[in-house]
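Inspection log for the structure reproduced underneath, given as structure tokens.
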Amino acid sequence: MKKILIMLMLGIGIVSFSVSAQNDKKSKIDKTVNESVAQNLSFNTITLKLVGTRVSKTDKNKIELEYENFKATGNNKKVYTEKDFQVNGKNPKIIVSKVIFKKMLENFVYSDQEIFVIGFYENDEGIKYKPFDFSLSVNKDEVKKISFKDGAISILDADTNSTMPIEESLKNLEKNLYH
């Protein structure tokens, strides 16, 4: 009887371990699938509380948006927040092309919304704002694509390979405003 009881207990232990191991393997597979799906997500609209804009440290022709939070509506109509894209507890970067940045500046100038500059980042790499709500949509405001890839949300125009320096874009904007 003792042998049967011991065999039964061993059998239950093996089955329990096997089910637990399979569940761990399944959750790892699900996580990989979710990360893979997230890498290919595109959005129709992104709305954020903008607190600053600064030149990207990796590509001087792109601007990184500093934000408090964001909400993005996917092509699948699902709403996402920065928590959906955190990597190692860090919120994703939001990068815009210089063409989009120029359009953002134009929108700031012509907006009825009060926008307050409260300072500058070190080395004049960007501007800090009193937080305000800001939104960009695909096929509006020059935006052709909003997507998540490699831990960053990119907001790009049709010609992301443009070589016009940001300073030149700002001068063109200034010239258009005063002439």
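Letters A, B, ... mark the chains of the structure tokens in the order given; residue numbers begin at 1 per chain; ligand numbers begin at 1, in order shown.
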Name all residues at most 6 Å from Leu50 of chain A (count only C-alpha atoms; drop same-chain ones fewer than 6 positions away) and give them as a tab-separated table (two decimals) with C-alpha atoms, in the first residue's frame.
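Here's the written file selection.tsv:
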chain	number	residue	atom	x	y	z
A	67	TYR	CA	6.06	64.19	-22.65
A	131	PRO	CA	2.79	71.08	-20.20
A	132	PHE	CA	0.04	71.30	-22.81
Applying 8 Å and only C-alpha atoms, which residues near Phe70 of chain A remain after dropping the ones on its own chain fewer than 4 positions away? List them as a PyMOL selection string. chain A and resi 46-49+81-82
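Separating atom CA of Ile100 of chain A from atom CA of Ser137 of chain A is a distance of 10.9 Å.
Comparing A:Arg54, A:Tyr110, A:Tyr80, A:Asp133 by their smallest distance to Ser97 of chain A, the closest is A:Arg54 (using only C-alpha atoms).
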Identify, with DSSP run on backbone atoms, the residues in segment 42-168 of chain A assigned to alpha helix (DSSP H), and express the list as a PyMOL selection string. chain A and resi 98-110+166-168
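Interatomic distance, atom CA of Asn88 of chain A against atom CA of Ile153 of chain A: 15.9 Å.
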I'd like the neighbourhood of Val96 of chain A as a ChimeraX atom specification, where a residue qualifies if any of its atoms comes within 9 Å (using only C-alpha atoms), though same-chain residues fewer than 5 positions away should be ignored. /A:62-65,101,153-157
Restricting the output to C-alpha atoms, write the selected residues as a compact mmCIF listing (two decimals), in the first residue's frame.
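In the end it all went to again19.txt:
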# COMPACT_ATOMS: atom_id res chain seq x y z
CA LYS A 62 15.17 64.30 -35.76
CA ILE A 63 13.45 65.77 -32.74
CA GLU A 64 12.57 63.88 -29.56
CA LEU A 65 9.36 64.91 -27.83
CA PHE A 101 8.60 69.42 -36.28
CA ILE A 153 7.36 55.75 -31.49
CA SER A 154 8.26 57.46 -34.75
CA ILE A 155 6.12 60.15 -36.32
CA LEU A 156 7.30 60.53 -39.90
CA ASP A 157 6.46 62.48 -43.03
Surrounding residues of Asn44 of chain A excluding itself and chain neighbours under 3 positions, 8 Å, only C-alpha atoms, as a list in words: Ala72, Thr73, Gly74, Asn75, Ser137, Val138 and Ile146 of chain A
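For the pair atom CA of Glu106 of chain A and atom CA of Asn139 of chain A, the interatomic distance is 16.5 Å.
The shortest atom-to-atom distance to Glu114 of chain A, with only C-alpha atoms taken into account, belongs to A:Phe134 out of A:Lys90, A:Asn69, A:Phe134, A:Ile127.
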